[in-house]
>>> print(open('coords21.csv').read())   # CSV, C-alpha atoms
chain,number,residue,atom,x,y,z
A,492,MET,CA,-11.0,15.2,-3.1
A,493,ILE,CA,-8.5,13.1,-5.0
A,494,GLU,CA,-9.6,9.6,-5.8
A,495,ALA,CA,-6.7,7.4,-4.7
A,496,PHE,CA,-5.3,4.0,-4.1
A,497,VAL,CA,-2.7,3.8,-1.3
A,498,ASP,CA,-0.4,0.7,-1.7
A,499,THR,CA,-0.1,-1.7,1.2
A,500,GLU,CA,3.5,-0.9,1.9
A,501,ILE,CA,2.6,2.8,2.5
A,502,TRP,CA,0.0,1.8,5.1
A,503,VAL,CA,2.4,-0.7,6.7
A,504,LEU,CA,5.5,1.4,6.7
A,505,ALA,CA,3.6,4.3,8.2
A,506,LYS,CA,2.6,2.1,11.1
A,507,LYS,CA,5.8,0.0,11.7
A,508,LYS,CA,8.6,2.1,13.1
A,509,PRO,CA,11.9,0.4,12.2
A,510,VAL,CA,13.8,-1.3,15.0
A,511,ARG,CA,17.6,-0.6,14.9
A,512,GLU,CA,18.5,-4.2,15.9
A,513,LYS,CA,16.8,-5.6,12.7
A,514,PHE,CA,19.2,-3.8,10.4
A,515,LYS,CA,22.7,-4.8,9.4
A,516,SER,CA,24.0,-1.3,9.2
A,517,GLU,CA,23.3,2.2,10.6
A,518,SER,CA,22.8,3.5,7.0
A,519,ASP,CA,20.1,0.9,6.2
A,520,TYR,CA,18.3,1.7,9.5
A,521,LYS,CA,18.4,5.4,8.8
A,522,LYS,CA,17.0,4.8,5.3
A,523,ALA,CA,14.2,2.7,6.7
A,524,LEU,CA,13.5,5.3,9.4
A,525,LYS,CA,13.3,8.1,6.8
A,526,ILE,CA,10.9,6.0,4.7
A,527,HIS,CA,8.8,5.4,7.8
A,528,GLU,CA,8.6,9.1,8.6
A,529,ASN,CA,7.8,10.1,5.1
A,530,CYS,CA,4.9,7.5,5.0
A,531,ARG,CA,3.6,8.6,8.4
A,532,LYS,CA,3.7,12.3,7.4
A,533,PHE,CA,1.9,11.4,4.1
A,534,PHE,CA,-1.1,10.3,6.1
A,535,GLU,CA,-0.9,13.2,8.5
A,536,LYS,CA,-0.8,15.8,5.7
A,537,GLU,CA,-2.7,14.2,2.8
A,538,PHE,CA,-5.4,11.8,4.3
A,539,ASP,CA,-8.1,14.4,4.6
A,540,LYS,CA,-7.6,15.4,0.9
A,541,LEU,CA,-8.1,11.9,-0.4
A,542,ARG,CA,-11.0,9.7,-1.2
A,543,ILE,CA,-9.3,6.4,-0.7
A,544,TYR,CA,-10.5,3.2,-2.4
A,545,ILE,CA,-9.3,-0.1,-1.1
A,546,THR,CA,-10.1,-3.7,-2.0
A,547,LEU,CA,-11.1,-6.2,0.6
A,548,HIS,CA,-8.1,-8.2,-0.4
A,549,GLN,CA,-5.8,-5.3,0.4
A,550,VAL,CA,-7.4,-5.0,3.9
A,551,VAL,CA,-6.3,-8.6,4.6
A,552,GLU,CA,-2.9,-8.0,3.0
A,553,ILE,CA,-2.3,-5.0,5.3
A,554,PHE,CA,-3.2,-7.2,8.3
A,555,HIS,CA,-0.8,-9.9,7.2
A,556,ALA,CA,2.0,-7.5,6.5
A,557,LEU,CA,1.6,-5.9,10.0
A,558,ALA,CA,1.2,-9.1,12.0
A,559,PHE,CA,3.2,-11.7,10.1
A,560,ARG,CA,5.9,-10.1,7.9
A,561,GLY,CA,9.2,-8.6,8.9
A,562,TYR,CA,9.1,-6.8,12.3
A,563,ARG,CA,5.7,-8.0,13.6
A,564,ILE,CA,3.4,-5.9,15.6
A,565,PRO,CA,1.0,-7.5,18.1
A,566,LEU,CA,-2.0,-9.2,16.6
A,567,ASN,CA,-4.5,-7.1,18.5
A,568,ASP,CA,-2.8,-3.9,17.2
A,569,ALA,CA,-2.8,-5.2,13.6
A,570,PHE,CA,-6.5,-6.1,14.0
A,571,SER,CA,-7.3,-2.7,15.5
A,572,ILE,CA,-5.7,-1.0,12.5
A,573,VAL,CA,-7.6,-3.0,9.8
A,574,ASP,CA,-10.8,-2.9,11.9
A,575,GLY,CA,-10.4,0.9,11.8
A,576,LEU,CA,-10.0,0.8,8.0
A,577,MET,CA,-13.1,-1.4,7.7
A,578,LYS,CA,-15.2,0.9,9.9
A,579,ASP,CA,-14.0,4.2,8.4
A,580,ASP,CA,-16.8,5.3,6.1
A,581,SER,CA,-14.5,7.7,4.3
A,582,ILE,CA,-12.6,4.8,2.9
A,583,ILE,CA,-14.4,3.1,0.1
A,584,LYS,CA,-14.2,-0.7,0.2
A,585,VAL,CA,-14.4,-2.5,-3.1
A,586,PRO,CA,-15.1,-6.2,-3.5
A,587,ILE,CA,-13.1,-8.4,-5.9
A,588,LEU,CA,-15.1,-10.0,-8.7
A,589,THR,CA,-14.2,-13.0,-10.9
A,590,GLU,CA,-13.3,-10.7,-13.8
A,591,HIS,CA,-10.8,-8.8,-11.6
A,592,VAL,CA,-9.1,-12.0,-10.7
A,593,THR,CA,-8.9,-13.0,-14.4
A,594,GLU,CA,-7.5,-9.6,-15.4
A,595,SER,CA,-5.0,-9.6,-12.5
A,596,ILE,CA,-3.7,-13.0,-13.5
A,597,THR,CA,-3.5,-12.0,-17.2
A,598,ALA,CA,-1.7,-8.7,-16.4
A,599,SER,CA,0.7,-10.5,-14.0
A,600,MET,CA,1.6,-13.1,-16.8
A,601,GLU,CA,2.1,-10.3,-19.3
A,602,THR,CA,4.3,-8.1,-17.1
A,603,GLY,CA,6.0,-10.5,-14.6
A,604,ILE,CA,4.7,-8.3,-11.7
A,605,HIS,CA,3.2,-10.0,-8.7
A,606,VAL,CA,-0.5,-10.9,-9.1
A,607,TRP,CA,-1.2,-9.4,-5.7
A,608,ASP,CA,-0.3,-5.9,-6.8
A,609,PHE,CA,-2.8,-6.2,-9.7
A,610,LEU,CA,-5.4,-7.8,-7.4
A,611,CYS,CA,-5.1,-4.7,-5.1
A,612,PHE,CA,-5.4,-2.3,-8.0
A,613,VAL,CA,-7.6,-3.8,-10.8
A,614,PRO,CA,-10.9,-3.6,-9.0
A,615,LEU,CA,-10.2,0.2,-8.4
A,616,LYS,CA,-8.9,1.1,-11.8
A,617,ASP,CA,-12.1,2.8,-12.9
A,618,TYR,CA,-12.3,4.9,-9.7
A,619,VAL,CA,-8.9,6.2,-8.9
A,620,LYS,CA,-6.8,9.0,-10.4
A,621,VAL,CA,-3.6,8.5,-8.3
A,622,ILE,CA,-1.7,5.5,-7.0
A,623,TYR,CA,0.5,6.2,-3.9
A,624,SER,CA,3.3,3.7,-3.8
A,625,LEU,CA,7.0,3.2,-3.3
A,626,ASP,CA,7.0,0.0,-5.2
A,627,ARG,CA,8.6,0.5,-8.7
A,628,HIS,CA,6.2,-2.1,-10.1
A,629,PHE,CA,3.4,0.4,-9.7
A,630,LEU,CA,5.1,2.7,-12.2
A,631,GLU,CA,4.4,0.1,-14.8
A,632,ILE,CA,0.9,-0.6,-13.5
A,633,GLY,CA,0.1,3.2,-13.5
A,634,ASN,CA,1.4,3.4,-17.1
A,635,ARG,CA,-0.6,0.4,-18.1
A,636,TYR,CA,-3.9,1.9,-16.7
A,637,ASN,CA,-3.0,5.5,-17.4
A,638,VAL,CA,-3.0,6.5,-13.7
A,639,LYS,CA,-0.6,8.9,-12.1
A,640,VAL,CA,1.9,7.3,-9.6
A,641,VAL,CA,3.2,9.3,-6.6
A,642,ASN,CA,5.8,8.1,-4.2
A,643,PRO,CA,5.2,9.7,-0.7
A,644,ALA,CA,8.2,7.7,0.7
A,645,GLN,CA,10.5,9.5,-1.7
A,646,GLU,CA,12.5,6.3,-2.1
A,647,TRP,CA,11.7,3.6,-4.7
A,648,LEU,CA,11.9,-0.1,-3.8
A,649,ILE,CA,11.2,-3.3,-5.8
A,650,LEU,CA,8.9,-5.4,-3.6
>>> encode(input="coords21.csv", output="structure tokens")
Amino acid sequence: MIEAFVDTEIWVLAKKKPVREKFKSESDYKKALKIHENCRKFFEKEFDKLRIYITLHQVVEIFHALAFRGYRIPLNDAFSIVDGLMKDDSIIKVPILTEHVTESITASMETGIHVWDFLCFVPLKDYVKVIYSLDRHFLEIGNRYNVKVVNPAQEWLIL
């Protein structure tokens, strides 16, 4: 098993299929659809090979991103997804401690990267060997903590 952190956007993009009407151009829509499919396939092919660690903060972040950001899915569907994460014993849930908050804020100040990215990762830093993300910020976070970064979406974004 590979000890892994899966960034919020990978979870969300795997669950939210792009809606054509929400995009200005056909090429933007096709790019989003490709990212969605790559994220979805990542879970289909890799999930059973991973020991996923997730912070309790990230569970809430996933719910928020599904239900309140961009194309919104129904609240009950978003709840069902995060409830499934919470009940899945193969996913290791990690609480956030005061020292994680302090380190996350300090790292955010030093790098200019969103504190939320650090708050998702810092509590897991001693457990995971791989970060799965499409957010370019995680390249710097991975480098900072000497953790490999893999992009299953095959497209880098700055979020």
>>> residues_around(input="coords21.csv", residues="Gln549 of chain A", least_positions_apart="6", cutoff="9 Å", atoms="all atoms listed in the file", output="ChimeraX atom specification")
/A:498-499,607,610-612
>>> closest_residue(input="coords21.csv", among="A:Trp502, A:Phe629, A:Phe514, A:Phe559", to="Asn529 of chain A", atoms="all atoms listed in the file")
A:Trp502
>>> residues_around(input="coords21.csv", residues="Leu625 of chain A", least_positions_apart="2", cutoff="12 Å", atoms="all atoms listed in the file", output="PDB file with C-alpha atoms, in the coordinates of the input")
ATOM      1  CA  VAL A 497      -2.700   3.800  -1.300  1.00  0.00           C
ATOM      2  CA  ASP A 498      -0.400   0.700  -1.700  1.00  0.00           C
ATOM      3  CA  THR A 499      -0.100  -1.700   1.200  1.00  0.00           C
ATOM      4  CA  GLU A 500       3.500  -0.900   1.900  1.00  0.00           C
ATOM      5  CA  ILE A 501       2.600   2.800   2.500  1.00  0.00           C
ATOM      6  CA  TRP A 502       0.000   1.800   5.100  1.00  0.00           C
ATOM      7  CA  VAL A 503       2.400  -0.700   6.700  1.00  0.00           C
ATOM      8  CA  LEU A 504       5.500   1.400   6.700  1.00  0.00           C
ATOM      9  CA  ILE A 526      10.900   6.000   4.700  1.00  0.00           C
ATOM     10  CA  HIS A 527       8.800   5.400   7.800  1.00  0.00           C
ATOM     11  CA  ASN A 529       7.800  10.100   5.100  1.00  0.00           C
ATOM     12  CA  CYS A 530       4.900   7.500   5.000  1.00  0.00           C
ATOM     13  CA  ILE A 622      -1.700   5.500  -7.000  1.00  0.00           C
ATOM     14  CA  TYR A 623       0.500   6.200  -3.900  1.00  0.00           C
ATOM     15  CA  ARG A 627       8.600   0.500  -8.700  1.00  0.00           C
ATOM     16  CA  HIS A 628       6.200  -2.100 -10.100  1.00  0.00           C
ATOM     17  CA  PHE A 629       3.400   0.400  -9.700  1.00  0.00           C
ATOM     18  CA  LEU A 630       5.100   2.700 -12.200  1.00  0.00           C
ATOM     19  CA  VAL A 640       1.900   7.300  -9.600  1.00  0.00           C
ATOM     20  CA  VAL A 641       3.200   9.300  -6.600  1.00  0.00           C
ATOM     21  CA  ASN A 642       5.800   8.100  -4.200  1.00  0.00           C
ATOM     22  CA  PRO A 643       5.200   9.700  -0.700  1.00  0.00           C
ATOM     23  CA  ALA A 644       8.200   7.700   0.700  1.00  0.00           C
ATOM     24  CA  GLN A 645      10.500   9.500  -1.700  1.00  0.00           C
ATOM     25  CA  GLU A 646      12.500   6.300  -2.100  1.00  0.00           C
ATOM     26  CA  TRP A 647      11.700   3.600  -4.700  1.00  0.00           C
ATOM     27  CA  LEU A 648      11.900  -0.100  -3.800  1.00  0.00           C
ATOM     28  CA  ILE A 649      11.200  -3.300  -5.800  1.00  0.00           C
ATOM     29  CA  LEU A 650       8.900  -5.400  -3.600  1.00  0.00           C
TER      30      LEU A 650
END
>>> closest_residue(input="coords21.csv", among="A:Lys616, A:Lys506, A:His555, A:His548", to="Arg531 of chain A", atoms="only C-alpha atoms")
A:Lys506
>>> closest_residue(input="coords21.csv", among="A:Asp568, A:Ala505, A:Ser599, A:Leu615", to="Glu535 of chain A", atoms="all atoms listed in the file")
A:Ala505
>>> atom_distance(input="coords21.csv", atom1="atom CA of Phe496 of chain A", atom2="atom CA of Val619 of chain A")
6.4 Å
>>> closest_residue(input="coords21.csv", among="A:Val621, A:Ala495, A:Val613, A:Leu566", to="Ile587 of chain A", atoms="only C-alpha atoms")
A:Val613
>>> residues_around(input="coords21.csv", residues="Thr546 of chain A", least_positions_apart="5", cutoff="6 Å", atoms="all atoms listed in the file", output="ChimeraX atom specification")
/A:584-586,611
>>> atom_distance(input="coords21.csv", atom1="atom CA of Met577 of chain A", atom2="atom CA of Ala598 of chain A")
27.6 Å
>>> residues_around(input="coords21.csv", residues="Thr602 of chain A", least_positions_apart="4", cutoff="10 Å", atoms="all atoms listed in the file", output="ChimeraX atom specification")
/A:597-598,606,628,631-632,635
>>> atom_distance(input="coords21.csv", atom1="atom CA of Lys513 of chain A", atom2="atom CA of Glu528 of chain A")
17.3 Å
>>> residues_near_point(input="coords21.csv", point="(-10.2, 13.6, -9.3)", cutoff="10 Å", atoms="all atoms listed in the file", output="mmCIF file with C-alpha atoms, keeping the file's coordinate frame")
data_model
loop_
_atom_site.group_PDB
_atom_site.id
_atom_site.type_symbol
_atom_site.label_atom_id
_atom_site.label_comp_id
_atom_site.auth_asym_id
_atom_site.auth_seq_id
_atom_site.Cartn_x
_atom_site.Cartn_y
_atom_site.Cartn_z
ATOM 1 C CA MET A 492 -11.000 15.200 -3.100
ATOM 2 C CA ILE A 493 -8.500 13.100 -5.000
ATOM 3 C CA GLU A 494 -9.600 9.600 -5.800
ATOM 4 C CA ALA A 495 -6.700 7.400 -4.700
ATOM 5 C CA LEU A 541 -8.100 11.900 -0.400
ATOM 6 C CA ARG A 542 -11.000 9.700 -1.200
ATOM 7 C CA TYR A 618 -12.300 4.900 -9.700
ATOM 8 C CA VAL A 619 -8.900 6.200 -8.900
ATOM 9 C CA LYS A 620 -6.800 9.000 -10.400
ATOM 10 C CA VAL A 621 -3.600 8.500 -8.300
#
>>> closest_residue(input="coords21.csv", among="A:Lys508, A:Ile545, A:Phe609, A:Phe533", to="Gly561 of chain A", atoms="only C-alpha atoms")
A:Lys508
>>> build_atoms(input="coords21.csv", residues="segment 620-631 of chain A", atoms="all heavy atoms", output="tab-separated table (two decimals), keeping the file's coordinate frame")
chain	number	residue	atom	x	y	z
A	620	LYS	N	-7.59	8.13	-9.53
A	620	LYS	CA	-6.80	9.00	-10.40
A	620	LYS	C	-5.31	8.93	-10.07
A	620	LYS	O	-4.47	9.29	-10.89
A	620	LYS	CB	-7.27	10.44	-10.31
A	620	LYS	CG	-8.75	10.64	-10.59
A	620	LYS	CD	-9.04	10.58	-12.07
A	620	LYS	CE	-10.47	10.96	-12.37
A	620	LYS	NZ	-11.41	9.89	-12.32
A	621	VAL	N	-5.01	8.50	-8.82
A	621	VAL	CA	-3.60	8.50	-8.30
A	621	VAL	C	-3.35	7.21	-7.57
A	621	VAL	O	-4.18	6.78	-6.77
A	621	VAL	CB	-3.33	9.71	-7.43
A	621	VAL	CG1	-1.89	9.70	-6.94
A	621	VAL	CG2	-3.63	11.01	-8.14
A	622	ILE	N	-2.18	6.63	-7.82
A	622	ILE	CA	-1.70	5.50	-7.00
A	622	ILE	C	-0.54	6.09	-6.16
A	622	ILE	O	0.38	6.74	-6.68
A	622	ILE	CB	-1.05	4.43	-7.93
A	622	ILE	CG1	-2.11	3.78	-8.81
A	622	ILE	CG2	-0.29	3.39	-7.10
A	622	ILE	CD1	-1.55	2.87	-9.90
A	623	TYR	N	-0.61	5.86	-4.85
A	623	TYR	CA	0.50	6.20	-3.90
A	623	TYR	C	1.22	4.94	-3.59
A	623	TYR	O	0.65	4.03	-3.00
A	623	TYR	CB	-0.07	6.89	-2.68
A	623	TYR	CG	-0.65	8.26	-2.95
A	623	TYR	CD1	-2.00	8.43	-3.21
A	623	TYR	CD2	0.18	9.38	-2.97
A	623	TYR	CE1	-2.53	9.69	-3.48
A	623	TYR	CE2	-0.34	10.65	-3.24
A	623	TYR	CZ	-1.69	10.78	-3.49
A	623	TYR	OH	-2.20	12.03	-3.76
A	624	SER	N	2.48	4.88	-4.00
A	624	SER	CA	3.30	3.70	-3.80
A	624	SER	C	4.76	4.00	-3.80
A	624	SER	O	5.18	4.99	-4.40
A	624	SER	CB	2.97	2.63	-4.85
A	624	SER	OG	3.71	1.44	-4.64
A	625	LEU	N	5.54	3.14	-3.15
A	625	LEU	CA	7.00	3.20	-3.30
A	625	LEU	C	7.55	2.03	-4.01
A	625	LEU	O	8.75	1.88	-4.17
A	625	LEU	CB	7.65	3.36	-1.87
A	625	LEU	CG	7.38	2.31	-0.80
A	625	LEU	CD1	7.99	0.97	-1.07
A	625	LEU	CD2	7.86	2.85	0.52
A	626	ASP	N	6.65	1.17	-4.47
A	626	ASP	CA	7.00	0.00	-5.20
A	626	ASP	C	7.16	0.32	-6.69
A	626	ASP	O	6.19	0.75	-7.33
A	626	ASP	CB	5.95	-1.09	-5.00
A	626	ASP	CG	6.25	-2.42	-5.66
A	626	ASP	OD1	7.17	-2.50	-6.51
A	626	ASP	OD2	5.55	-3.40	-5.34
A	627	ARG	N	8.35	0.13	-7.24
A	627	ARG	CA	8.60	0.50	-8.70
A	627	ARG	C	7.62	-0.24	-9.60
A	627	ARG	O	7.34	0.28	-10.69
A	627	ARG	CB	10.02	0.06	-9.05
A	627	ARG	CG	11.06	1.04	-8.65
A	627	ARG	CD	12.39	0.67	-9.33
A	627	ARG	NE	13.47	1.44	-8.76
A	627	ARG	CZ	13.77	2.68	-9.15
A	627	ARG	NH1	13.07	3.26	-10.09
A	627	ARG	NH2	14.78	3.33	-8.58
A	628	HIS	N	7.12	-1.40	-9.20
A	628	HIS	CA	6.20	-2.10	-10.10
A	628	HIS	C	4.94	-1.24	-10.38
A	628	HIS	O	4.36	-1.37	-11.46
A	628	HIS	CB	5.69	-3.40	-9.39
A	628	HIS	CG	6.75	-4.44	-9.28
A	628	HIS	ND1	6.92	-5.21	-8.17
A	628	HIS	CD2	7.73	-4.82	-10.15
A	628	HIS	CE1	7.93	-6.04	-8.35
A	628	HIS	NE2	8.44	-5.82	-9.53
A	629	PHE	N	4.58	-0.37	-9.46
A	629	PHE	CA	3.40	0.40	-9.70
A	629	PHE	C	3.61	1.52	-10.73
A	629	PHE	O	2.64	2.06	-11.27
A	629	PHE	CB	2.83	1.00	-8.37
A	629	PHE	CG	1.95	-0.01	-7.69
A	629	PHE	CD1	2.44	-0.77	-6.66
A	629	PHE	CD2	0.64	-0.20	-8.10
A	629	PHE	CE1	1.64	-1.73	-6.04
A	629	PHE	CE2	-0.16	-1.14	-7.50
A	629	PHE	CZ	0.34	-1.92	-6.47
A	630	LEU	N	4.86	1.82	-11.06
A	630	LEU	CA	5.10	2.70	-12.20
A	630	LEU	C	4.59	2.09	-13.46
A	630	LEU	O	3.93	2.74	-14.28
A	630	LEU	CB	6.60	3.05	-12.30
A	630	LEU	CG	7.19	3.89	-11.17
A	630	LEU	CD1	8.70	3.93	-11.29
A	630	LEU	CD2	6.60	5.30	-11.20
A	631	GLU	N	4.86	0.81	-13.63
A	631	GLU	CA	4.40	0.10	-14.80
A	631	GLU	C	2.87	-0.10	-14.78
A	631	GLU	O	2.19	0.04	-15.79
A	631	GLU	CB	5.09	-1.26	-14.95
A	631	GLU	CG	4.78	-1.96	-16.24
A	631	GLU	CD	5.63	-3.20	-16.49
A	631	GLU	OE1	6.70	-3.35	-15.87
A	631	GLU	OE2	5.20	-4.03	-17.32
